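Visitor: File follows, query05.cif with mmCIF, C-alpha atoms and all ligand atoms:
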data_protein
loop_
_atom_site.label_atom_id
_atom_site.label_comp_id
_atom_site.auth_asym_id
_atom_site.auth_seq_id
_atom_site.Cartn_x
_atom_site.Cartn_y
_atom_site.Cartn_z
CA MET A 164 87.53 100.67 90.67
CA LYS A 165 90.38 102.14 88.65
CA TYR A 166 91.99 98.72 88.05
CA GLY A 167 90.21 95.40 87.59
CA TYR A 168 92.83 93.03 88.97
CA SER A 169 91.88 89.82 90.79
CA LEU A 170 93.22 88.98 94.23
CA GLY A 171 95.73 86.23 94.92
CA ILE A 172 97.93 85.09 97.76
CA SER A 173 101.08 83.06 98.16
CA LEU A 174 100.56 80.45 100.85
CA GLY A 175 103.80 79.70 102.62
CA VAL A 176 102.12 76.82 104.43
CA TYR A 177 100.58 73.55 103.28
CA PRO A 178 97.19 74.36 101.72
CA THR A 179 94.78 72.45 103.93
CA GLU A 180 91.06 72.42 103.14
CA GLU A 181 90.42 74.78 106.07
CA ILE A 182 92.88 77.36 104.70
CA LEU A 183 91.69 77.14 101.10
CA VAL A 184 88.04 77.49 102.12
CA ALA A 185 88.91 80.52 104.31
CA CYS A 186 90.77 82.14 101.39
CA ALA A 187 87.81 81.67 99.08
CA ALA A 188 85.38 83.02 101.70
CA ALA A 189 87.48 86.22 101.94
CA GLY A 190 87.28 86.79 98.19
CA ILE A 191 90.73 85.47 97.28
CA GLN A 192 90.66 83.88 93.82
CA TYR A 193 94.24 82.85 93.00
CA ILE A 194 96.75 80.82 94.99
CA GLU A 195 100.50 80.38 94.72
CA LEU A 196 101.99 77.41 96.54
CA SER A 197 105.51 77.67 97.88
CA PRO A 198 106.63 74.36 99.38
CA ARG A 199 109.84 74.11 101.36
CA THR A 200 112.19 71.36 100.20
CA GLU A 201 111.40 69.17 103.20
CA ALA A 202 107.64 69.43 102.49
CA LEU A 203 107.82 68.32 98.85
CA ASP A 204 106.87 64.68 99.56
CA ARG A 205 103.70 65.83 101.30
CA TYR A 206 102.80 68.01 98.31
CA PHE A 207 103.37 65.18 95.85
CA ALA A 208 101.19 62.85 97.93
CA GLY A 209 98.48 65.46 98.40
CA ALA A 210 98.47 67.18 94.98
CA ALA A 211 95.25 65.60 93.70
CA GLU A 212 93.45 66.39 96.95
CA ILE A 213 94.73 70.00 96.98
CA LYS A 214 93.54 70.48 93.40
CA LYS A 215 90.12 68.96 94.15
CA THR A 216 89.65 71.17 97.22
CA ALA A 217 90.74 74.30 95.37
CA ASP A 218 88.41 73.52 92.44
CA GLY A 219 85.53 72.90 94.87
CA ALA A 220 86.18 76.24 96.59
CA GLY A 221 86.36 78.07 93.25
CA LEU A 222 90.06 78.86 93.64
CA VAL A 223 92.62 78.83 90.85
CA LEU A 224 95.98 77.28 91.71
CA ARG A 225 97.98 79.63 89.54
CA SER A 226 101.63 79.16 90.36
CA LEU A 227 104.12 76.96 92.15
CA HIS A 228 107.21 78.63 93.61
CA LEU A 229 110.04 76.12 93.32
CA PRO A 230 112.38 75.73 96.31
CA PHE A 231 115.47 77.92 96.11
CA GLY A 232 118.73 78.66 97.89
CA GLU A 233 121.84 76.58 98.14
CA GLY A 234 122.40 73.03 97.00
CA LEU A 235 120.02 71.22 94.69
CA TYR A 236 117.85 74.20 93.92
CA ASN A 237 120.52 76.78 93.10
CA PHE A 238 120.33 77.48 89.38
CA CYS A 239 123.82 78.93 89.25
CA ALA A 240 125.69 76.03 90.80
CA PRO A 241 129.22 76.46 89.40
CA ASP A 242 130.20 72.80 89.27
CA PRO A 243 128.90 71.09 86.09
CA SER A 244 128.01 67.87 87.96
CA ASP A 245 126.00 69.91 90.48
CA ARG A 246 124.31 71.56 87.53
CA GLU A 247 123.08 68.25 86.16
CA GLU A 248 121.76 67.33 89.57
CA THR A 249 120.08 70.72 89.85
CA GLN A 250 118.41 70.30 86.47
CA ARG A 251 117.19 66.83 87.43
CA ALA A 252 115.82 68.07 90.76
CA GLN A 253 114.05 71.05 89.18
CA LYS A 254 112.56 69.00 86.35
CA ALA A 255 111.31 66.39 88.83
CA LEU A 256 109.00 69.11 90.22
CA LEU A 257 107.22 69.68 86.91
CA PRO A 258 104.87 66.68 87.37
CA LEU A 259 103.87 68.23 90.73
CA ALA A 260 103.11 71.54 88.99
CA ALA A 261 101.11 69.64 86.35
CA ALA A 262 99.16 67.65 88.97
CA LEU A 263 98.25 70.92 90.71
CA GLY A 264 97.20 72.35 87.36
CA VAL A 265 99.30 75.52 87.66
CA GLY A 266 100.28 77.46 84.55
CA TYR A 267 103.41 79.03 86.05
CA VAL A 268 106.39 77.97 88.09
CA ILE A 269 108.39 80.68 89.82
CA VAL A 270 112.17 80.32 90.10
CA HIS A 271 115.07 82.25 91.60
CA GLY A 272 118.10 82.74 89.38
CA GLY A 273 120.37 82.00 92.33
CA ILE A 274 123.15 83.73 94.19
CA PRO A 275 126.53 84.10 92.49
CA TYR A 276 129.60 83.38 94.61
CA PRO A 277 131.82 85.26 94.28
CA GLN A 278 129.99 88.37 93.11
CA THR A 279 132.98 89.39 91.02
CA GLU A 280 132.11 86.59 88.57
CA ARG A 281 128.50 87.56 88.09
CA GLU A 282 128.55 87.21 84.33
CA LYS A 283 129.74 83.64 84.49
CA TYR A 284 126.99 82.72 86.98
CA LEU A 285 124.37 84.62 85.04
CA ALA A 286 125.19 82.53 81.96
CA ILE A 287 124.98 79.30 83.99
CA ALA A 288 121.61 80.31 85.43
CA ARG A 289 120.35 81.20 81.96
CA GLU A 290 121.33 77.79 80.59
CA ASN A 291 119.75 75.88 83.50
CA ILE A 292 116.53 77.90 83.46
CA ALA A 293 116.18 77.46 79.69
CA GLU A 294 116.63 73.71 80.14
CA LEU A 295 113.81 73.68 82.69
CA GLN A 296 111.60 75.74 80.36
CA ARG A 297 112.16 73.33 77.47
CA GLU A 298 110.63 70.55 79.56
CA ALA A 299 107.99 72.81 81.16
CA SER A 300 106.74 73.84 77.72
CA ALA A 301 105.67 70.23 77.12
CA TYR A 302 103.30 70.68 80.09
CA GLY A 303 102.11 74.07 78.84
CA ILE A 304 103.82 75.71 81.82
CA HIS A 305 105.73 79.00 81.80
CA VAL A 306 108.81 79.34 83.98
CA CYS A 307 108.82 82.81 85.60
CA VAL A 308 112.19 84.20 86.66
CA GLU A 309 111.73 86.32 89.76
CA SER A 310 113.20 89.82 90.08
CA LEU A 311 115.55 89.53 93.05
CA LEU A 312 117.82 91.44 95.43
CA PRO A 313 120.86 93.07 93.78
CA SER A 314 123.21 90.37 95.10
CA CYS A 315 121.19 87.72 93.25
CA ILE A 316 120.78 86.77 89.60
CA GLY A 317 117.83 88.63 88.07
CA ARG A 318 118.40 91.96 89.82
CA ASN A 319 117.30 94.19 86.94
CA ALA A 320 115.65 94.16 83.52
CA SER A 321 118.94 93.66 81.73
CA GLU A 322 119.71 90.40 83.59
CA LEU A 323 116.12 89.20 83.38
CA LEU A 324 115.88 89.85 79.64
CA TYR A 325 119.21 88.13 79.08
CA ILE A 326 117.82 84.99 80.77
CA LEU A 327 114.50 85.32 78.94
CA SER A 328 116.28 85.49 75.58
CA ALA A 329 117.11 81.78 76.04
CA HIS A 330 113.51 80.62 75.45
CA PRO A 331 110.35 82.34 74.17
CA ASP A 332 108.13 80.75 76.85
CA LEU A 333 110.12 82.22 79.75
CA ARG A 334 108.42 84.97 81.76
CA VAL A 335 109.18 87.29 84.70
CA CYS A 336 107.74 87.33 88.23
CA PHE A 337 107.93 90.97 89.38
CA ASP A 338 108.70 91.41 93.09
CA PRO A 339 109.19 95.10 94.03
CA ASN A 340 110.05 94.24 97.65
CA HIS A 341 113.44 93.00 96.46
CA LEU A 342 115.09 96.44 96.26
CA LEU A 343 115.85 96.01 92.63
CA ASP A 344 118.87 97.42 90.99
CA GLU A 345 116.69 99.97 89.21
CA SER A 346 113.32 101.67 89.69
CA VAL A 347 110.27 99.45 89.57
CA THR A 348 108.83 101.48 86.72
CA ALA A 349 112.03 101.22 84.65
CA LEU A 350 112.08 97.46 85.15
CA LEU A 351 108.42 97.05 84.19
CA SER A 352 108.80 99.25 81.10
CA ALA A 353 111.74 97.18 79.89
CA VAL A 354 110.27 93.73 80.56
CA GLY A 355 106.77 94.76 79.41
CA ASP A 356 104.38 92.00 78.45
CA ARG A 357 106.72 89.24 79.57
CA VAL A 358 105.72 89.96 83.18
CA ALA A 359 103.35 87.07 83.90
CA ALA A 360 103.29 87.00 87.70
CA VAL A 361 103.76 89.40 90.60
CA HIS A 362 104.62 89.14 94.28
CA PHE A 363 103.20 92.09 96.18
CA SER A 364 104.74 93.08 99.50
CA ASP A 365 106.37 96.17 100.93
CA CYS A 366 109.81 96.94 102.33
CA ASP A 367 111.72 99.77 103.99
CA GLY A 368 114.36 100.30 101.33
CA LEU A 369 116.99 98.65 103.54
CA ASP A 370 116.15 95.02 102.91
CA GLU A 371 113.33 92.79 101.71
CA ARG A 372 110.64 92.74 104.41
CA HIS A 373 107.49 91.12 103.00
CA TRP A 374 105.24 93.63 104.78
CA MET A 375 101.75 94.49 103.57
CA PRO A 376 101.64 97.11 100.81
CA GLY A 377 101.38 100.50 102.55
CA GLU A 378 103.58 99.51 105.49
CA GLY A 379 106.83 100.41 103.70
CA VAL A 380 108.25 102.84 101.15
CA ILE A 381 107.10 101.42 97.79
CA ASP A 382 105.05 103.83 95.68
CA TRP A 383 102.09 101.51 95.07
CA PRO A 384 99.94 103.86 92.95
CA SER A 385 102.88 104.09 90.49
CA VAL A 386 103.35 100.31 90.49
CA MET A 387 99.65 99.79 89.71
CA GLU A 388 99.68 102.39 86.98
CA LYS A 389 102.73 100.85 85.35
CA LEU A 390 101.40 97.29 85.56
CA SER A 391 98.23 98.44 83.87
CA GLU A 392 100.21 100.35 81.24
CA ILE A 393 102.25 97.29 80.24
CA GLY A 394 99.06 95.23 80.01
CA TYR A 395 99.75 92.86 82.92
CA GLY A 396 96.74 90.56 83.00
CA GLY A 397 97.35 88.30 86.02
CA PRO A 398 96.17 88.72 89.60
CA ILE A 399 97.68 90.98 92.26
CA LEU A 400 99.24 88.20 94.28
CA TYR A 401 100.40 88.93 97.83
CA GLU A 402 103.59 87.42 99.15
CA VAL A 403 102.90 88.36 102.74
CA ASN A 404 102.73 85.42 105.12
CA PRO A 405 99.27 85.38 106.72
CA PHE A 406 100.43 83.13 109.55
CA LEU A 407 103.74 84.68 110.55
CA THR A 408 104.48 88.30 111.50
CA PRO A 409 108.05 89.32 110.56
CA LYS A 410 110.24 90.40 113.49
CA SER A 411 110.73 93.74 111.72
CA ILE A 412 107.15 94.95 112.25
CA ASP A 413 104.79 95.43 115.17
CA ARG A 414 101.46 94.17 113.95
CA ARG A 415 98.40 92.20 115.03
CA PRO A 416 97.87 88.87 113.24
CA LEU A 417 96.54 89.39 109.70
CA THR A 418 93.21 88.07 108.49
CA PHE A 419 92.37 87.15 104.90
CA ASP A 420 89.96 90.11 104.95
CA ASP A 421 93.02 92.39 105.38
CA TYR A 422 94.25 91.21 101.98
CA ARG A 423 90.90 91.95 100.38
CA GLU A 424 90.83 95.48 101.82
CA ASN A 425 94.45 96.16 100.86
CA HIS A 426 93.77 94.90 97.34
CA ALA A 427 90.67 97.10 97.05
CA ALA A 428 92.74 100.19 98.00
CA LEU A 429 95.37 99.31 95.38
CA CYS A 430 92.69 98.82 92.74
CA ARG A 431 91.29 102.27 93.58
CA GLY A 432 94.77 103.59 92.79
CA GLU A 433 95.44 104.43 96.45
CA ARG A 434 98.29 103.71 98.81
CA PRO A 435 96.79 101.22 101.33
CA ALA A 436 96.64 102.31 104.99
CA PRO A 437 99.35 100.55 107.05
CA ILE A 438 98.27 97.93 109.55
CA GLY A 439 101.56 97.50 111.43
CA THR A 440 104.42 99.76 112.49
CA PRO A 441 108.01 98.92 111.47
CA ILE A 442 110.39 98.27 114.39
CA GLU A 443 113.37 100.44 113.56
CA ALA A 444 115.98 98.73 115.73
CA GLU A 445 115.04 95.35 114.26
CA CYS A 446 115.20 96.72 110.72
CA ARG A 447 118.63 98.21 111.29
CA SER A 448 119.89 94.83 112.50
CA CYS A 449 119.07 93.23 109.15
CA VAL A 450 120.27 95.43 106.33
CA PHE A 451 120.62 94.33 102.76
CA ALA A 452 123.86 96.25 102.21
CA GLU A 453 125.46 94.19 104.94
CA ARG A 454 124.50 90.92 103.29
CA TYR A 455 125.59 92.27 99.93
CA PHE A 456 129.02 93.23 101.23
CA LYS A 457 129.38 89.81 102.85
CA ASN A 458 128.83 88.22 99.45
CA PHE A 459 131.83 90.16 98.22
CA GLY A 460 133.80 88.94 101.23
CA LEU A 461 133.94 92.53 102.51
CA LYS A 462 133.04 94.03 105.84
CA TYR A 463 130.07 96.35 105.86
CA GLU A 464 130.70 99.61 107.68
CA PRO A 465 127.56 101.71 107.83
CA LYS A 466 127.91 105.45 107.71
CA ALA A 467 127.32 107.06 111.11
ZN ZN B 501 110.73 84.00 95.36
ZN ZN B 502 108.86 87.05 95.74
#
Produce structure tokens that represent the structure in this file.
Ligand SMILES: [Zn+2]
Ligand SMILES: [Zn+2]
Guide:
Amino acid sequence: MKYGYSLGISLGVYPTEEILVACAAAGIQYIELSPRTEALDRYFAGAAEIKKTADGAGLVLRSLHLPFGEGLYNFCAPDPSDREETQRAQKALLPLAAALGVGYVIVHGGIPYPQTEREKYLAIARENIAELQREASAYGIHVCVESLLPSCIGRNASELLYILSAHPDLRVCFDPNHLLDESVTALLSAVGDRVAAVHFSDCDGLDERHWMPGEGVIDWPSVMEKLSEIGYGGPILYEVNPFLTPKSIDRRPLTFDDYRENHAALCRGERPAPIGTPIEAECRSCVFAERYFKNFGLKYEPKA
């Protein structure tokens, strides 16, 4: 093998014993949990059991992806009273992260509305994320700010490093499927050893797709080379839902063995063979540029 990275997966579903045991049997070693807001109570109630099952199966619960989007979990809420509520809500999830034994929580910087005031929202996100990190540091947990779509906060190295400058324990979660505002290699070079987590999935260059590496346009051999060059030491963690096929691709259901084989190809420095075939009409109906323009309150008119 050219690269010695371990294999991880983000589970977008509740981690039952059956699922965790199946992951371990397929050679998966690291798990990220990504609860939806409405499932948080179940995770709090089941945290000790999840941890015990994972330990028994030889799995490491590495990261917890905090809920994101509008409302309570939007780090760039413009209203100061919303901001306090957001900070309270985010901090209340740290005991869950601690009970699961994860070393990292993954956060989204949020979506600025309107886009014309990005700098203001970027500063708000920075302040809120630093506040979360101050409390997370007491648990020995790093907050990882995810690289996001260009409409969101954290779209390039410059925004990520600006947020990271607020606290030395802050880290980056690198997600190349988010059509960053700059090349993946430029971003990795700039952020360097503060990349502490990755989300691996592929896209078509039009929008985020969360396909398997090899099914889209990302140059995976270059990504692997760059990660190795900057000394990234975590697992290659897939953010491809094993239980749900996106509408944008024609593909049989995935098995956990697919992840192992894909990971092996990446570690050999190869571009993995695609499993599914993108559905062009579906992809054209969901285009990032359109969503981006909407955020500006503009109408997107694609070139013919
Ligand atoms: Zn995310
Ligand atoms: Zn991601």
Visitor: When you count all atoms listed in the file, which of these residues is closest to ligand ZN 501 (chain B): A:Phe337, A:Trp374, A:Tyr422, A:Phe207?
Guide: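 Of the candidates, the smallest distance to ligand ZN 501 (chain B) is held by A:Phe337.
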Visitor: Identify, on the basis of all atoms listed in the file, every residue whose closest approach to Leu407 of chain A does not exceed 12 Å; exclude the query and any residue fewer than 3 positions from it along the same chain; express the result as an MDAnalysis selection string.
Guide: chainID A and resid 174:176 373:374 402:404 410:418
Visitor: Could I get the residue neighbourhood of ligand ZN 502 (chain B) at 9 Å, counting only C-alpha atoms and all ligand atoms, as a list in words?
Guide: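 With only C-alpha atoms and all ligand atoms and a cut-off of 9 Å, ligand ZN 502 (chain B) is contacted by His228, Ile269, His271, Glu309, Ser310, Leu311, Cys336, Phe337, Asp338, Pro339, Asn340, His341, Val361, His362, Phe363, Ser364, His373, Tyr401 and Glu402 of chain A.
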Visitor: Could you save the residues just selected, with C-alpha atoms, as a compact mmCIF listing (two decimals), in the coordinates of the input?
Guide:
# COMPACT_ATOMS: atom_id res chain seq x y z
CA HIS A 228 107.21 78.63 93.61
CA ILE A 269 108.39 80.68 89.82
CA HIS A 271 115.07 82.25 91.60
CA GLU A 309 111.73 86.32 89.76
CA SER A 310 113.20 89.82 90.08
CA LEU A 311 115.55 89.53 93.05
CA CYS A 336 107.74 87.33 88.23
CA PHE A 337 107.93 90.97 89.38
CA ASP A 338 108.70 91.41 93.09
CA PRO A 339 109.19 95.10 94.03
CA ASN A 340 110.05 94.24 97.65
CA HIS A 341 113.44 93.00 96.46
CA VAL A 361 103.76 89.40 90.60
CA HIS A 362 104.62 89.14 94.28
CA PHE A 363 103.20 92.09 96.18
CA SER A 364 104.74 93.08 99.50
CA HIS A 373 107.49 91.12 103.00
CA TYR A 401 100.40 88.93 97.83
CA GLU A 402 103.59 87.42 99.15
Visitor: Counting only C-alpha atoms and all ligand atoms, which of A:Gly221, A:Gly167, A:Pro398, A:Gly273 gets nearest to ligand ZN 501 (chain B)?
Guide: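 Selected residue with least distance to ligand ZN 501 (chain B): A:Gly273.
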Visitor: Quick one: pull the distance between atom CA of Val380 of chain A and atom CA of Asp365 of chain A, Å, one decimal.
Guide: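 Taking atom CA of Val380 of chain A as the start and atom CA of Asp365 of chain A as the end point, the length is 6.9 Å.
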Visitor: Using only C-alpha atoms, can you tell me which of A:Tyr267, A:Gly439, A:Asn319, A:Gln278 comes closest to Ala349 of chain A?
Guide: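 Answer, going by the shortest atom-to-atom distance: A:Asn319.
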Visitor: What's the separation between atom CA of Lys215 of chain A and atom CA of Ile191 of chain A, in Å to one decimal place?
Guide: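 Separation of atom CA of Lys215 of chain A and atom CA of Ile191 of chain A: 16.8 Å.
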Visitor: Which residue out of A:Ile316, A:Ala301, A:Cys307, A:Leu324 has the minimum interatomic distance to Gly272 of chain A when all atoms listed in the file are used?
Guide: A:Ile316
Visitor: From the block you just saw, export segment 168-191 of chain A: N, CA and C atoms, as a compact mmCIF listing (two decimals), in the first residue's frame.
Guide:
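result-v1.txt, freshly written:
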# COMPACT_ATOMS: atom_id res chain seq x y z
N TYR A 168 -3.53 4.69 5.59
CA TYR A 168 -4.67 5.25 6.33
C TYR A 168 -5.69 4.19 6.75
N SER A 169 -6.27 4.38 7.94
CA SER A 169 -7.35 3.50 8.40
C SER A 169 -8.65 3.89 7.70
N LEU A 170 -9.63 3.03 7.88
CA LEU A 170 -10.93 3.21 7.21
C LEU A 170 -12.00 3.61 8.23
N GLY A 171 -12.74 4.64 7.89
CA GLY A 171 -13.84 5.09 8.75
C GLY A 171 -15.08 5.39 7.94
N ILE A 172 -16.20 5.51 8.64
CA ILE A 172 -17.45 5.82 7.94
C ILE A 172 -18.31 6.71 8.83
N SER A 173 -19.01 7.61 8.17
CA SER A 173 -20.01 8.42 8.87
C SER A 173 -21.33 7.69 8.78
N LEU A 174 -21.92 7.39 9.94
CA LEU A 174 -23.21 6.71 9.93
C LEU A 174 -24.31 7.75 10.08
N GLY A 175 -25.10 7.89 9.05
CA GLY A 175 -26.20 8.85 9.10
C GLY A 175 -27.43 8.29 9.79
N VAL A 176 -27.29 7.08 10.33
CA VAL A 176 -28.42 6.45 11.03
C VAL A 176 -28.00 6.14 12.45
N TYR A 177 -28.97 5.80 13.29
CA TYR A 177 -28.64 5.45 14.67
C TYR A 177 -27.77 4.19 14.69
N PRO A 178 -26.66 4.21 15.43
CA PRO A 178 -25.72 3.08 15.39
C PRO A 178 -26.17 1.91 16.26
N THR A 179 -27.02 1.07 15.70
CA THR A 179 -27.47 -0.11 16.43
C THR A 179 -26.32 -1.12 16.53
N GLU A 180 -26.49 -2.09 17.41
CA GLU A 180 -25.46 -3.12 17.56
C GLU A 180 -25.24 -3.85 16.24
N GLU A 181 -26.34 -4.14 15.53
CA GLU A 181 -26.24 -4.87 14.27
C GLU A 181 -25.35 -4.10 13.27
N ILE A 182 -25.57 -2.79 13.19
CA ILE A 182 -24.81 -1.98 12.23
C ILE A 182 -23.34 -1.90 12.63
N LEU A 183 -23.10 -1.66 13.92
CA LEU A 183 -21.71 -1.53 14.37
C LEU A 183 -20.94 -2.83 14.17
N VAL A 184 -21.58 -3.94 14.46
CA VAL A 184 -20.91 -5.24 14.29
C VAL A 184 -20.62 -5.49 12.81
N ALA A 185 -21.57 -5.12 11.94
CA ALA A 185 -21.36 -5.29 10.48
C ALA A 185 -20.21 -4.41 9.98
N CYS A 186 -20.12 -3.19 10.51
CA CYS A 186 -19.01 -2.30 10.13
C CYS A 186 -17.68 -2.95 10.50
N ALA A 187 -17.59 -3.40 11.73
CA ALA A 187 -16.33 -4.00 12.21
C ALA A 187 -15.97 -5.23 11.38
N ALA A 188 -16.97 -6.04 11.05
CA ALA A 188 -16.72 -7.27 10.28
C ALA A 188 -16.16 -6.93 8.89
N ALA A 189 -16.53 -5.76 8.35
CA ALA A 189 -16.06 -5.37 7.01
C ALA A 189 -14.70 -4.68 7.06
N GLY A 190 -14.15 -4.53 8.26
CA GLY A 190 -12.81 -3.93 8.35
C GLY A 190 -12.83 -2.43 8.62
N ILE A 191 -14.03 -1.89 8.91
CA ILE A 191 -14.12 -0.46 9.25
C ILE A 191 -13.66 -0.30 10.69
